[in-house]
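Here the structure is laid out as structure tokens; the discussion comes afterwards.
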Amino acid sequence: MEINWTDFFAPVWLSVKISVITSIIVFILATAAAKAMAGRKFPGYSLLETVMLLPLVLPPTVVGFVLLVVLGRRSWIGRWYEQMTEHTILFTWGAAVIAAVVVAFPLVYRTVKAGFEGVEPDLEDAARAQGASELQVLRYVTLPLAGRSLAAGYVLGFARGLGEFGATIMVAGNIPGRTQTVPTAIYVAVDGGNMTLAWMWVCSIIVMSAVMLIFVNRRT
């Protein structure tokens, strides 16, 4: 069977774009949340963390349904966005990014938080005693010591964005050339009996994931 390379690469490039953007956004959000929550207890702590971790245990389709309601035309967010841009959020690649960020956040948060909690407080206090500001403590002590967890968190965010299917198909659909990612393309190819094309997309995801792991392992 002759392969249309334009059709083959379109989901690949879109998946890479979504994964890169997702990994950056979720890494920033999860790192900020993890730093704020690590080693602290306050009223409502358990409830807040439960809410942040909820997408980890919910089926992706449930997450997608909630996002469908929250971002739809009947919601104030959906109406506001449509008034500002004259376009809807749903069934765009941006909606796929939002879905991937929500689903990936708990994984990255837990990983990065574990790294922050593994840093000895005495080392941070010693830096403060030497006159370091909180920003300097964070930059020169906390972040380097939690580096492996930060790198692992970033990879998890990238991988989750790359492989997201359930929530993505709910809010972004499967529009070839516009919102079709590799996971949704694989599903369509298998459903249509095109196993050669499905295997090619599967191999593309395996290669991209392996490259990310090798890069991070070398950096850490």
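Following the order of the structure tokens, chains are lettered A, B, ..., residues in each are numbered from 1, and ligands are numbered from 1.
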Closest contacts (region 88-183 of chain A/region 48-64 of chain A, max 7 Å, only C-alpha atoms) as CSV:
residue,atom,partner,partner_atom,distance
A:Ala99,CA,A:Gly64,CA,6.9
A:Val102,CA,A:Pro55,CA,7.0
A:Val103,CA,A:Pro55,CA,5.6
A:Pro106,CA,A:Leu53,CA,4.9
A:Gly166,CA,A:Pro60,CA,4.9
A:Ala167,CA,A:Gly64,CA,3.8
A:Thr168,CA,A:Gly64,CA,6.7
A:Met170,CA,A:Gly64,CA,5.2
A:Val171,CA,A:Gly64,CA,6.1
Any chance you could export the current selection's C-alpha atoms as a PDB file, in the first residue's frame?
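Result file follows (again_23.pdb):
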ATOM      1  CA  ALA A  99      -6.908  18.575  27.873  1.00  0.00           C
ATOM      2  CA  VAL A 102      -5.195  18.893  32.891  1.00  0.00           C
ATOM      3  CA  VAL A 103      -4.500  15.173  32.544  1.00  0.00           C
ATOM      4  CA  PRO A 106      -1.137  15.400  38.635  1.00  0.00           C
ATOM      5  CA  GLY A 166      -9.582  10.086  25.884  1.00  0.00           C
ATOM      6  CA  ALA A 167      -9.892  13.707  26.998  1.00  0.00           C
ATOM      7  CA  THR A 168      -8.424  14.993  23.737  1.00  0.00           C
ATOM      8  CA  MET A 170     -13.772  14.691  23.663  1.00  0.00           C
ATOM      9  CA  VAL A 171     -12.742  18.343  23.400  1.00  0.00           C
TER      10      VAL A 171
END
* Asked: Near region 200-216 of chain A, within 10 Å and counting only C-alpha atoms, which residues show up once chain neighbours fewer than 5 positions away are dropped, as a ChimeraX atom specification?
  -> /A:8-9,11-12,15-16,148,151-152,154-156,158-159,162-163,181-183,185-186,189,195
**Message:** What's around Ile25 (chain A) at 9 Å? Count only C-alpha atoms, leave out sequence neighbours fewer than 5 positions away in its own chain, and write the answer as a VMD selection string.
**Reply:** chain A and resid 20 30 101
Using only C-alpha atoms, the residue out of A:Ala126, A:Ala132, A:Ala114, A:Leu90 with shortest distance to Ala146 (chain A) is A:Ala114
Nearest candidate to Gly147 (chain A) (options A:Asn217, A:Val97, A:Thr196, A:Gly173; using only C-alpha atoms)
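Closest candidate: A:Asn217.
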